[in-house]
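Okay, structure22.cif is below, mmCIF, C-alpha atoms and all ligand atoms:
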data_target
#
loop_
_atom_site.group_PDB
_atom_site.id
_atom_site.type_symbol
_atom_site.label_atom_id
_atom_site.label_comp_id
_atom_site.auth_asym_id
_atom_site.auth_seq_id
_atom_site.Cartn_x
_atom_site.Cartn_y
_atom_site.Cartn_z
ATOM 1 C CA MET M 1 -32.153 -4.545 -16.684
ATOM 2 C CA ILE M 2 -31.108 -2.128 -19.399
ATOM 3 C CA ARG M 3 -28.577 -3.696 -21.723
ATOM 4 C CA THR M 4 -26.658 -1.144 -23.707
ATOM 5 C CA THR M 5 -25.536 -2.017 -27.217
ATOM 6 C CA ARG M 6 -21.856 -2.648 -27.309
ATOM 7 C CA VAL M 7 -19.912 -0.542 -29.768
ATOM 8 C CA PRO M 8 -16.875 -2.672 -30.397
ATOM 9 C CA ILE M 9 -13.652 -0.737 -30.091
ATOM 10 C CA ARG M 10 -11.386 -2.884 -32.200
ATOM 11 C CA VAL M 11 -7.708 -2.169 -31.967
ATOM 12 C CA PRO M 12 -5.941 -3.146 -35.213
ATOM 13 C CA ARG M 13 -3.378 -5.932 -34.766
ATOM 14 C CA ALA M 14 -0.367 -3.674 -35.413
ATOM 15 C CA LEU M 15 -1.618 -1.105 -32.921
ATOM 16 C CA GLY M 16 -2.403 -3.880 -30.475
ATOM 17 C CA ALA M 17 1.143 -5.157 -30.814
ATOM 18 C CA ALA M 18 2.508 -1.625 -30.322
ATOM 19 C CA LEU M 19 0.352 -1.194 -27.202
ATOM 20 C CA CYS M 20 1.583 -4.545 -25.948
ATOM 21 C CA ALA M 21 5.170 -3.503 -26.516
ATOM 22 C CA ALA M 22 4.536 -0.226 -24.667
ATOM 23 C CA LEU M 23 2.935 -2.116 -21.789
ATOM 24 C CA ALA M 24 5.814 -4.580 -21.728
ATOM 25 C CA LEU M 25 8.249 -1.655 -21.534
ATOM 26 C CA LEU M 26 6.278 -0.131 -18.687
ATOM 27 C CA ALA M 27 6.197 -3.470 -16.896
ATOM 28 C CA ALA M 28 9.909 -3.928 -17.513
ATOM 29 C CA ALA M 29 10.501 -0.478 -16.023
ATOM 30 C CA CYS M 30 8.800 -1.809 -12.909
ATOM 31 C CA GLY M 31 11.139 -4.767 -13.110
ATOM 32 C CA LYS M 32 8.986 -7.543 -14.523
ATOM 33 C CA ASP M 33 7.472 -8.374 -17.841
ATOM 34 C CA GLY M 34 3.787 -9.196 -18.121
ATOM 35 C CA SER M 35 2.476 -8.682 -14.611
ATOM 36 C CA PRO M 36 0.325 -6.077 -12.905
ATOM 37 C CA PRO M 37 2.086 -3.622 -10.588
ATOM 38 C CA THR M 38 3.529 -5.356 -7.559
ATOM 39 C CA LYS M 39 2.159 -4.181 -4.233
ATOM 40 C CA GLY M 40 2.388 -6.788 -1.550
ATOM 41 C CA PRO M 41 0.969 -6.861 1.944
ATOM 42 C CA ALA M 42 2.515 -4.617 4.595
ATOM 43 C CA ALA M 43 5.275 -6.711 6.184
ATOM 44 C CA ASP M 44 4.449 -5.477 9.708
ATOM 45 C CA LYS M 45 0.856 -6.768 9.387
ATOM 46 C CA LEU M 46 1.914 -10.334 8.556
ATOM 47 C CA PRO M 47 1.595 -12.890 11.341
ATOM 48 C CA HIS M 48 4.605 -14.643 12.844
ATOM 49 C CA TYR M 49 4.233 -18.386 12.907
ATOM 50 C CA ARG M 50 5.582 -20.301 15.882
ATOM 51 C CA VAL M 51 8.038 -22.941 14.714
ATOM 52 C CA ASP M 52 7.433 -26.413 16.177
ATOM 53 C CA ARG M 53 11.111 -27.224 16.861
ATOM 54 C CA ASN M 54 10.326 -30.712 18.224
ATOM 55 C CA PHE M 55 8.375 -31.822 15.167
ATOM 56 C CA THR M 56 9.556 -35.025 13.470
ATOM 57 C CA LEU M 57 8.056 -37.043 10.601
ATOM 58 C CA PRO M 58 10.429 -39.875 9.722
ATOM 59 C CA ALA M 59 7.664 -41.654 7.746
ATOM 60 C CA SER M 60 7.777 -38.865 5.156
ATOM 61 C CA GLY M 61 10.603 -39.048 2.624
ATOM 62 C CA THR M 62 9.916 -35.451 1.576
ATOM 63 C CA TRP M 63 10.139 -34.179 5.153
ATOM 64 C CA THR M 64 13.260 -36.216 5.918
ATOM 65 C CA ARG M 65 15.097 -34.785 2.883
ATOM 66 C CA ALA M 66 13.964 -31.225 3.677
ATOM 67 C CA LYS M 67 15.025 -31.521 7.314
ATOM 68 C CA LYS M 68 18.474 -32.720 6.268
ATOM 69 C CA ARG M 69 18.838 -29.907 3.743
ATOM 70 C CA GLY M 70 17.528 -27.350 6.284
ATOM 71 C CA TYR M 71 14.635 -25.912 4.276
ATOM 72 C CA PHE M 72 11.587 -26.723 2.185
ATOM 73 C CA VAL M 73 11.461 -26.055 -1.538
ATOM 74 C CA VAL M 74 7.939 -24.797 -2.220
ATOM 75 C CA GLY M 75 6.250 -24.294 -5.600
ATOM 76 C CA ALA M 76 4.133 -21.145 -5.966
ATOM 77 C CA LYS M 77 2.830 -18.505 -8.370
ATOM 78 C CA GLU M 78 4.563 -15.154 -8.794
ATOM 79 C CA ASP M 79 2.060 -13.000 -10.685
ATOM 80 C CA GLN M 80 -1.214 -13.401 -8.767
ATOM 81 C CA PRO M 81 -2.018 -10.278 -6.698
ATOM 82 C CA TYR M 82 -2.769 -10.950 -2.989
ATOM 83 C CA LEU M 83 -2.192 -14.698 -3.492
ATOM 84 C CA GLY M 84 1.311 -15.329 -4.788
ATOM 85 C CA GLU M 85 3.434 -12.401 -5.978
ATOM 86 C CA LYS M 86 7.174 -12.051 -6.366
ATOM 87 C CA ASP M 87 8.743 -8.661 -5.821
ATOM 88 C CA PRO M 88 11.010 -8.292 -8.849
ATOM 89 C CA ALA M 89 13.444 -6.061 -6.954
ATOM 90 C CA THR M 90 13.961 -8.281 -3.908
ATOM 91 C CA GLY M 91 12.828 -11.695 -5.162
ATOM 92 C CA THR M 92 10.529 -11.923 -2.098
ATOM 93 C CA TYR M 93 7.227 -13.788 -2.471
ATOM 94 C CA SER M 94 4.069 -12.578 -0.745
ATOM 95 C CA GLY M 95 0.335 -13.274 -0.612
ATOM 96 C CA PHE M 96 -2.164 -15.631 1.007
ATOM 97 C CA ASP M 97 -0.760 -18.793 -0.616
ATOM 98 C CA ILE M 98 2.721 -17.769 0.482
ATOM 99 C CA GLU M 99 1.467 -17.342 4.077
ATOM 100 C CA ILE M 100 -0.088 -20.817 3.939
ATOM 101 C CA ALA M 101 3.268 -22.193 2.733
ATOM 102 C CA LYS M 102 5.042 -20.404 5.594
ATOM 103 C CA MET M 103 2.699 -21.580 8.354
ATOM 104 C CA MET M 104 3.039 -25.147 7.069
ATOM 105 C CA SER M 105 6.848 -24.970 7.174
ATOM 106 C CA ALA M 106 6.679 -23.647 10.750
ATOM 107 C CA SER M 107 4.369 -26.491 11.791
ATOM 108 C CA LEU M 108 6.717 -29.013 10.190
ATOM 109 C CA GLY M 109 9.652 -27.669 12.201
ATOM 110 C CA LEU M 110 11.501 -25.462 9.701
ATOM 111 C CA PRO M 111 11.489 -21.632 10.019
ATOM 112 C CA PRO M 112 9.365 -19.979 7.283
ATOM 113 C CA SER M 113 12.229 -17.602 6.456
ATOM 114 C CA THR M 114 14.260 -20.551 5.164
ATOM 115 C CA ILE M 115 11.764 -21.585 2.435
ATOM 116 C CA HIS M 116 13.094 -21.580 -1.128
ATOM 117 C CA PHE M 117 10.167 -20.620 -3.359
ATOM 118 C CA ARG M 118 10.095 -21.688 -7.007
ATOM 119 C CA THR M 119 7.605 -20.314 -9.519
ATOM 120 C CA ILE M 120 5.761 -23.155 -11.237
ATOM 121 C CA ALA M 121 3.055 -22.490 -13.871
ATOM 122 C CA SER M 122 -0.355 -24.184 -13.726
ATOM 123 C CA ALA M 123 0.511 -26.722 -16.434
ATOM 124 C CA ASN M 124 3.733 -27.882 -14.721
ATOM 125 C CA ARG M 125 2.611 -28.524 -11.143
ATOM 126 C CA GLU M 126 2.083 -32.272 -11.305
ATOM 127 C CA THR M 127 5.431 -32.874 -13.043
ATOM 128 C CA ALA M 128 7.263 -30.657 -10.530
ATOM 129 C CA LEU M 129 5.824 -32.705 -7.644
ATOM 130 C CA GLN M 130 6.453 -36.027 -9.398
ATOM 131 C CA ASN M 131 10.086 -35.125 -10.200
ATOM 132 C CA GLY M 132 10.848 -34.017 -6.651
ATOM 133 C CA GLN M 133 11.629 -30.509 -7.955
ATOM 134 C CA ILE M 134 9.530 -29.134 -5.085
ATOM 135 C CA ASP M 135 8.478 -30.546 -1.696
ATOM 136 C CA TYR M 136 4.983 -29.077 -1.722
ATOM 137 C CA TYR M 137 3.000 -26.605 -3.817
ATOM 138 C CA VAL M 138 0.783 -23.733 -2.667
ATOM 139 C CA GLY M 139 -0.668 -21.727 -5.559
ATOM 140 C CA THR M 140 -4.423 -21.594 -6.241
ATOM 141 C CA TYR M 141 -4.261 -25.346 -6.895
ATOM 142 C CA THR M 142 -7.729 -26.899 -7.269
ATOM 143 C CA ILE M 143 -8.231 -30.340 -5.741
ATOM 144 C CA ASN M 144 -9.944 -32.671 -8.192
ATOM 145 C CA ALA M 145 -10.207 -36.384 -8.979
ATOM 146 C CA ASN M 146 -8.003 -36.275 -12.094
ATOM 147 C CA ARG M 147 -5.166 -34.516 -10.319
ATOM 148 C CA LYS M 148 -5.512 -36.855 -7.317
ATOM 149 C CA LYS M 149 -4.367 -39.664 -9.627
ATOM 150 C CA LEU M 150 -1.044 -37.829 -10.032
ATOM 151 C CA VAL M 151 -0.443 -35.940 -6.764
ATOM 152 C CA GLY M 152 -1.725 -35.775 -3.187
ATOM 153 C CA PHE M 153 -3.663 -32.841 -1.730
ATOM 154 C CA ALA M 154 -3.816 -31.545 1.825
ATOM 155 C CA GLY M 155 -6.697 -29.187 2.538
ATOM 156 C CA PRO M 156 -8.717 -27.565 1.136
ATOM 157 C CA TYR M 157 -7.640 -24.307 2.813
ATOM 158 C CA PHE M 158 -9.793 -21.967 0.677
ATOM 159 C CA MET M 159 -12.812 -22.156 -1.650
ATOM 160 C CA ALA M 160 -12.764 -20.157 -4.905
ATOM 161 C CA GLY M 161 -15.005 -20.291 -7.996
ATOM 162 C CA GLN M 162 -14.409 -19.755 -11.711
ATOM 163 C CA SER M 163 -15.397 -16.310 -12.931
ATOM 164 C CA LEU M 164 -14.789 -13.823 -15.762
ATOM 165 C CA LEU M 165 -12.774 -10.625 -15.985
ATOM 166 C CA VAL M 166 -13.659 -8.116 -18.713
ATOM 167 C CA ARG M 167 -12.861 -4.505 -19.593
ATOM 168 C CA LYS M 168 -14.989 -1.817 -17.945
ATOM 169 C CA ASP M 169 -16.493 -0.951 -21.363
ATOM 170 C CA GLU M 170 -17.773 -4.516 -21.929
ATOM 171 C CA ASN M 171 -21.549 -4.796 -21.536
ATOM 172 C CA ASP M 172 -22.366 -8.067 -23.309
ATOM 173 C CA ILE M 173 -20.565 -10.656 -21.193
ATOM 174 C CA HIS M 174 -22.445 -11.633 -18.017
ATOM 175 C CA GLY M 175 -21.513 -15.304 -17.793
ATOM 176 C CA PRO M 176 -19.834 -18.136 -19.693
ATOM 177 C CA GLY M 177 -22.934 -18.511 -21.903
ATOM 178 C CA ASP M 178 -22.138 -15.123 -23.474
ATOM 179 C CA LEU M 179 -18.698 -16.192 -24.696
ATOM 180 C CA GLU M 180 -19.856 -17.593 -28.034
ATOM 181 C CA GLY M 181 -17.531 -16.236 -30.749
ATOM 182 C CA ARG M 182 -15.640 -14.128 -28.184
ATOM 183 C CA ARG M 183 -11.949 -14.515 -27.370
ATOM 184 C CA VAL M 184 -11.418 -15.765 -23.819
ATOM 185 C CA CYS M 185 -7.992 -16.281 -22.270
ATOM 186 C CA SER M 186 -6.882 -18.647 -19.511
ATOM 187 C CA ALA M 187 -3.784 -20.501 -18.326
ATOM 188 C CA ALA M 188 -3.026 -23.762 -20.081
ATOM 189 C CA GLY M 189 -3.457 -26.789 -17.826
ATOM 190 C CA SER M 190 -5.843 -24.989 -15.473
ATOM 191 C CA THR M 191 -9.320 -26.184 -14.531
ATOM 192 C CA PRO M 192 -10.948 -22.951 -15.881
ATOM 193 C CA TYR M 193 -9.253 -23.543 -19.255
ATOM 194 C CA GLN M 194 -10.470 -27.151 -19.306
ATOM 195 C CA ARG M 195 -14.020 -26.146 -18.333
ATOM 196 C CA ILE M 196 -14.352 -23.619 -21.185
ATOM 197 C CA GLN M 197 -12.938 -26.181 -23.621
ATOM 198 C CA ALA M 198 -15.382 -28.881 -22.483
ATOM 199 C CA ASP M 199 -18.568 -26.934 -21.690
ATOM 200 C CA TYR M 200 -18.393 -23.802 -23.875
ATOM 201 C CA PRO M 201 -16.872 -25.001 -27.168
ATOM 202 C CA LYS M 202 -18.230 -21.978 -29.075
ATOM 203 C CA ALA M 203 -15.958 -19.627 -27.151
ATOM 204 C CA VAL M 204 -12.633 -18.834 -28.836
ATOM 205 C CA LEU M 205 -10.231 -20.100 -26.204
ATOM 206 C CA VAL M 206 -6.714 -18.665 -25.987
ATOM 207 C CA GLY M 207 -4.129 -20.257 -23.666
ATOM 208 C CA TYR M 208 -0.971 -18.825 -22.114
ATOM 209 C CA ASP M 209 1.311 -19.946 -19.290
ATOM 210 C CA THR M 210 0.106 -17.272 -16.892
ATOM 211 C CA TYR M 211 -2.958 -15.158 -16.178
ATOM 212 C CA SER M 212 -0.938 -11.927 -16.142
ATOM 213 C CA VAL M 213 -0.234 -12.381 -19.867
ATOM 214 C CA CYS M 214 -3.983 -12.912 -20.379
ATOM 215 C CA VAL M 215 -4.675 -9.671 -18.491
ATOM 216 C CA ASP M 216 -2.191 -7.767 -20.679
ATOM 217 C CA ASN M 217 -4.031 -9.197 -23.704
ATOM 218 C CA LEU M 218 -7.354 -8.048 -22.270
ATOM 219 C CA LEU M 219 -6.090 -4.512 -21.671
ATOM 220 C CA THR M 220 -4.824 -4.312 -25.261
ATOM 221 C CA TYR M 221 -8.041 -5.687 -26.817
ATOM 222 C CA GLN M 222 -6.419 -8.919 -28.018
ATOM 223 C CA VAL M 223 -9.006 -10.919 -26.036
ATOM 224 C CA ASP M 224 -12.499 -10.097 -24.710
ATOM 225 C CA ALA M 225 -12.328 -11.859 -21.340
ATOM 226 C CA VAL M 226 -9.990 -13.634 -18.943
ATOM 227 C CA THR M 227 -11.307 -16.622 -17.044
ATOM 228 C CA THR M 228 -10.006 -18.208 -13.872
ATOM 229 C CA ASP M 229 -10.856 -18.240 -10.153
ATOM 230 C CA ASP M 230 -12.620 -15.208 -8.686
ATOM 231 C CA ALA M 231 -9.915 -14.924 -5.996
ATOM 232 C CA ILE M 232 -7.302 -14.372 -8.718
ATOM 233 C CA LEU M 233 -9.440 -12.074 -10.888
ATOM 234 C CA ILE M 234 -10.443 -9.868 -7.939
ATOM 235 C CA GLY M 235 -6.737 -9.127 -7.473
ATOM 236 C CA TYR M 236 -6.224 -8.073 -11.091
ATOM 237 C CA ALA M 237 -9.402 -5.962 -11.031
ATOM 238 C CA ALA M 238 -8.277 -4.258 -7.811
ATOM 239 C CA LYS M 239 -4.951 -3.354 -9.447
ATOM 240 C CA ALA M 240 -6.662 -1.755 -12.474
ATOM 241 C CA PRO M 241 -10.002 -0.514 -11.063
ATOM 242 C CA GLY M 242 -10.579 2.022 -13.832
ATOM 243 C CA GLU M 243 -10.131 -0.540 -16.586
ATOM 244 C CA LEU M 244 -11.288 -3.988 -15.481
ATOM 245 C CA LYS M 245 -14.288 -5.566 -13.755
ATOM 246 C CA LEU M 246 -15.589 -9.021 -12.874
ATOM 247 C CA ALA M 247 -18.624 -10.158 -14.878
ATOM 248 C CA GLY M 248 -21.397 -12.372 -13.513
ATOM 249 C CA ASP M 249 -21.319 -14.926 -10.707
ATOM 250 C CA PRO M 250 -18.815 -17.725 -10.076
ATOM 251 C CA PHE M 251 -19.780 -20.856 -12.043
ATOM 252 C CA SER M 252 -17.687 -23.608 -10.422
ATOM 253 C CA LYS M 253 -16.219 -24.689 -7.110
ATOM 254 C CA GLU M 254 -12.416 -24.552 -6.867
ATOM 255 C CA PRO M 255 -11.223 -25.913 -3.507
ATOM 256 C CA TYR M 256 -7.562 -24.954 -3.042
ATOM 257 C CA GLY M 257 -5.246 -27.684 -1.786
ATOM 258 C CA ILE M 258 -1.571 -28.021 -0.944
ATOM 259 C CA GLY M 259 -0.031 -30.316 -3.554
ATOM 260 C CA VAL M 260 2.338 -33.039 -2.291
ATOM 261 C CA PRO M 261 3.996 -36.061 -3.924
ATOM 262 C CA ARG M 262 1.239 -38.655 -4.331
ATOM 263 C CA SER M 263 2.952 -41.427 -2.369
ATOM 264 C CA ASP M 264 3.806 -39.215 0.631
ATOM 265 C CA ASN M 265 0.676 -39.762 2.701
ATOM 266 C CA ALA M 266 2.538 -39.028 5.927
ATOM 267 C CA LEU M 267 3.289 -35.510 4.685
ATOM 268 C CA ARG M 268 -0.308 -35.012 3.487
ATOM 269 C CA PHE M 269 -1.749 -36.077 6.860
ATOM 270 C CA ALA M 270 0.708 -33.855 8.761
ATOM 271 C CA LEU M 271 -0.226 -30.865 6.582
ATOM 272 C CA ASN M 272 -3.927 -31.511 7.241
ATOM 273 C CA ASP M 273 -3.234 -31.494 10.991
ATOM 274 C CA ALA M 274 -1.167 -28.317 10.615
ATOM 275 C CA LEU M 275 -3.877 -26.546 8.595
ATOM 276 C CA GLU M 276 -6.487 -27.410 11.185
ATOM 277 C CA ALA M 277 -4.272 -26.191 14.021
ATOM 278 C CA ARG M 278 -3.540 -22.904 12.203
ATOM 279 C CA GLN M 279 -7.252 -22.358 11.607
ATOM 280 C CA ARG M 280 -7.968 -23.020 15.285
ATOM 281 C CA ASN M 281 -5.265 -20.694 16.640
ATOM 282 C CA GLY M 282 -6.309 -17.790 14.394
ATOM 283 C CA ASP M 283 -3.221 -17.749 12.144
ATOM 284 C CA TRP M 284 -5.251 -18.631 9.020
ATOM 285 C CA LYS M 285 -7.590 -15.665 9.558
ATOM 286 C CA LYS M 286 -4.739 -13.263 10.342
ATOM 287 C CA ALA M 287 -2.912 -14.389 7.205
ATOM 288 C CA TYR M 288 -6.049 -13.904 5.102
ATOM 289 C CA GLU M 289 -6.676 -10.426 6.486
ATOM 290 C CA ALA M 290 -3.087 -9.323 5.819
ATOM 291 C CA THR M 291 -3.191 -10.554 2.193
ATOM 292 C CA LEU M 292 -6.296 -11.587 0.222
ATOM 293 C CA GLY M 293 -8.467 -9.551 2.602
ATOM 294 C CA LEU M 294 -6.793 -6.389 1.213
ATOM 295 C CA SER M 295 -8.799 -6.931 -1.991
ATOM 296 C CA GLY M 296 -11.898 -5.997 0.023
ATOM 297 C CA VAL M 297 -13.470 -9.439 0.572
ATOM 298 C CA PRO M 298 -13.893 -10.254 4.297
ATOM 299 C CA ALA M 299 -12.473 -13.523 5.664
ATOM 300 C CA PRO M 300 -14.781 -16.454 4.896
ATOM 301 C CA HIS M 301 -15.052 -19.599 7.012
ATOM 302 C CA PRO M 302 -12.306 -21.942 5.862
ATOM 303 C CA PRO M 303 -13.690 -25.097 4.200
ATOM 304 C CA ALA M 304 -13.619 -28.443 6.022
ATOM 305 C CA ILE M 305 -10.415 -30.464 5.534
ATOM 306 C CA ASP M 306 -10.834 -33.536 3.296
ATOM 307 C CA ARG M 307 -8.893 -36.323 4.987
ATOM 308 C CA TYR M 308 -9.239 -38.877 2.234
ATOM 309 C CA PRO M 309 -7.529 -42.210 2.916
ATOM 310 C CA ALA M 310 -4.291 -43.408 1.331
ATOM 311 C CA SER M 311 -4.808 -45.482 -1.835
HETATM 312 N N1 LIG V 1 -7.625 -23.181 -9.428
HETATM 313 C C1 LIG V 1 -7.487 -23.413 -10.829
HETATM 314 C C2 LIG V 1 -6.520 -24.547 -11.121
HETATM 315 O O1 LIG V 1 -5.978 -25.094 -10.227
HETATM 316 C C3 LIG V 1 -7.089 -22.155 -11.582
HETATM 317 C C4 LIG V 1 -5.964 -21.374 -10.995
HETATM 318 C C5 LIG V 1 -4.593 -21.835 -11.438
HETATM 319 O O2 LIG V 1 -4.393 -22.086 -12.636
HETATM 320 O O3 LIG V 1 -3.725 -21.902 -10.580
HETATM 321 O O4 LIG V 1 -6.336 -24.938 -12.256
#

As structure tokens, the full file:
Amino acid sequence: MIRTTRVPIRVPRALGAALCAALALLAAACGKDGSPPTKGPAADKLPHYRVDRNFTLPASGTWTRAKKRGYFVVGAKEDQPYLGEKDPATGTYSGFDIEIAKMMSASLGLPPSTIHFRTIASANRETALQNGQIDYYVGTYTINANRKKLVGFAGPYFMAGQSLLVRKDENDIHGPGDLEGRRVCSAAGSTPYQRIQADYPKAVLVGYDTYSVCVDNLLTYQVDAVTTDDAILIGYAAKAPGELKLAGDPFSKEPYGIGVPRSDNALRFALNDALEARQRNGDWKKAYEATLGLSGVPAPHPPAIDRYPAS
């Protein structure tokens, strides 16, 4: 393979800041600061989920409260293209994670249109579930042993892997081993952030609340790479095809789960049943094709559900 020498195009700090300000203005003109342009899935292509009106789950405190109130409060992301995006003009959320949240509400007996979505950043998910701020969380949330000590997980409903996003003019970064001395940005509290910190200590790690801020920093030469799941990065790359590209292969496994309060095993088991049913009846695939599939990656086989016992 021919490796071209990289001529670093360094943008002076002041210019970088000016570029950032210009970008922020542009983003604000589109209605939202710090995110790529919003372009959700076509509403007419989205599946309709049959609501199971007879569903009851008295053993679940979360479900009982939601039923009484008339809707679920669901935590999500708002700046992740094709996965969880909020239209700044209408306040409407869209994307694959949002579809998963909707099909789950329908299976648990409450119409998807009634869901109240709340944006919760990666670092705040466990607290939001522990405080009862949200009933469940659907937002590129990796299932792992540490988090299982704090919350419960239904699923997984999708398998992602950590990867790298760089500018089109970057020729020296092909994997995490090339990050030595380079500035790499990720969301605080995320598994990709933790992995760089633990396994690649020579990288210069920069943390923000959201990946969209990292992407703005990449476009303005404040950082050299953004790292998180490939599913998220593919969305940002697709929104700026002339400027950004993914580098190298995924270097972790990130199984996405639905976060629930840790003690609510009844809710977790019901969500596992619902996920399986929605995979069987084709809703999962239709939802994927109308959202994440728009990034150009065909529907994979959904991963097997992990029905771990209550502890
Ligand atoms: N899936 C990873 C995580 O749960 C990264 C994506 C995110 O921050 O939501 O930490």

Determine, using all atoms listed in the file, which residues of chain M have any atom at most 6 Å from an atom of ligand LIG 1 (chain V), and tabulate each with its shortest atom pair and distance in Å to one decimal place, rows ordered by chain and then rising number, as a tab-separated table.
residue	atom	partner	partner_atom	distance
M:Ser122	CA	V:LIG1	O2	4.7
M:Gly139	CA	V:LIG1	O3	5.9
M:Thr140	CA	V:LIG1	O3	4.4
M:Tyr141	CA	V:LIG1	O1	3.8
M:Thr142	CA	V:LIG1	O1	3.9
M:Ala187	CA	V:LIG1	O2	5.9
M:Ser190	CA	V:LIG1	O4	3.3
M:Thr191	CA	V:LIG1	O4	4.0
M:Pro192	CA	V:LIG1	C3	5.8
M:Thr228	CA	V:LIG1	C3	5.4
M:Asp229	CA	V:LIG1	C3	5.6
M:Glu254	CA	V:LIG1	N1	5.6

Resulting file, chosen residues, C-alpha atoms, as a PDB file, in the coordinates of the input:
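selection_28.pdb, freshly written:
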ATOM      1  CA  SER M 122      -0.355 -24.184 -13.726  1.00  0.00           C
ATOM      2  CA  GLY M 139      -0.668 -21.727  -5.559  1.00  0.00           C
ATOM      3  CA  THR M 140      -4.423 -21.594  -6.241  1.00  0.00           C
ATOM      4  CA  TYR M 141      -4.261 -25.346  -6.895  1.00  0.00           C
ATOM      5  CA  THR M 142      -7.729 -26.899  -7.269  1.00  0.00           C
ATOM      6  CA  ALA M 187      -3.784 -20.501 -18.326  1.00  0.00           C
ATOM      7  CA  SER M 190      -5.843 -24.989 -15.473  1.00  0.00           C
ATOM      8  CA  THR M 191      -9.320 -26.184 -14.531  1.00  0.00           C
ATOM      9  CA  PRO M 192     -10.948 -22.951 -15.881  1.00  0.00           C
ATOM     10  CA  THR M 228     -10.006 -18.208 -13.872  1.00  0.00           C
ATOM     11  CA  ASP M 229     -10.856 -18.240 -10.153  1.00  0.00           C
ATOM     12  CA  GLU M 254     -12.416 -24.552  -6.867  1.00  0.00           C
TER      13      GLU M 254
END

Item to complete: Determine the residue set returned by the PyMOL selection byres (((chain M and resi 64-71) around 10) and not hetatm) for the present structure, and present it as number ranges by chain.
Response: M: 56-63, 72-74, 105, 108-116, 135

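Minimum distance to Leu129 of chain M across M:Ser263, M:Ala237, M:Asp224, M:Gly95 (counting all atoms listed in the file) occurs at M:Ser263.
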
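Using only C-alpha atoms for every distance, the candidate list M:Val166, M:Ala299, M:Val138, M:Leu246 yields M:Val166 as the residue closest to Cys214 of chain M.
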
Around segment 173-180 of chain M, fit a box with edges along x, y and z, padding it by 3 Å on each side, then list its centre and edge lengths in Å to one decimal as lines of an AutoDock Vina configuration file.
center_x = -20.8
center_y = -14.6
center_z = -22.9
size_x = 10.2
size_y = 13.9
size_z = 16.2

Residues picked by the PyMOL selection byres (((chain M and resi 270) around 10) and not hetatm) here, as a short mmCIF file (atom, residue, chain, number, x, y, z; two decimals) with C-alpha atoms, in the frame of the given file?
data_model
loop_
_atom_site.label_atom_id
_atom_site.label_comp_id
_atom_site.auth_asym_id
_atom_site.auth_seq_id
_atom_site.Cartn_x
_atom_site.Cartn_y
_atom_site.Cartn_z
CA LEU M 57 8.06 -37.04 10.60
CA SER M 60 7.78 -38.86 5.16
CA MET M 104 3.04 -25.15 7.07
CA SER M 107 4.37 -26.49 11.79
CA LEU M 108 6.72 -29.01 10.19
CA ALA M 154 -3.82 -31.54 1.82
CA ASN M 265 0.68 -39.76 2.70
CA ALA M 266 2.54 -39.03 5.93
CA LEU M 267 3.29 -35.51 4.68
CA ARG M 268 -0.31 -35.01 3.49
CA PHE M 269 -1.75 -36.08 6.86
CA LEU M 271 -0.23 -30.86 6.58
CA ASN M 272 -3.93 -31.51 7.24
CA ASP M 273 -3.23 -31.49 10.99
CA ALA M 274 -1.17 -28.32 10.62
CA LEU M 275 -3.88 -26.55 8.60
CA GLU M 276 -6.49 -27.41 11.18
#

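Checking M:Gly189, M:Gly235, M:Gly207, M:Pro176 one by one against Gly248 of chain M, counting all atoms listed in the file, you find the shortest gap at M:Pro176.
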
Worksheet item: atom CA of Val215 of chain M and atom CA of Lys168 of chain M are how many Å apart?
Response: 13.0 Å
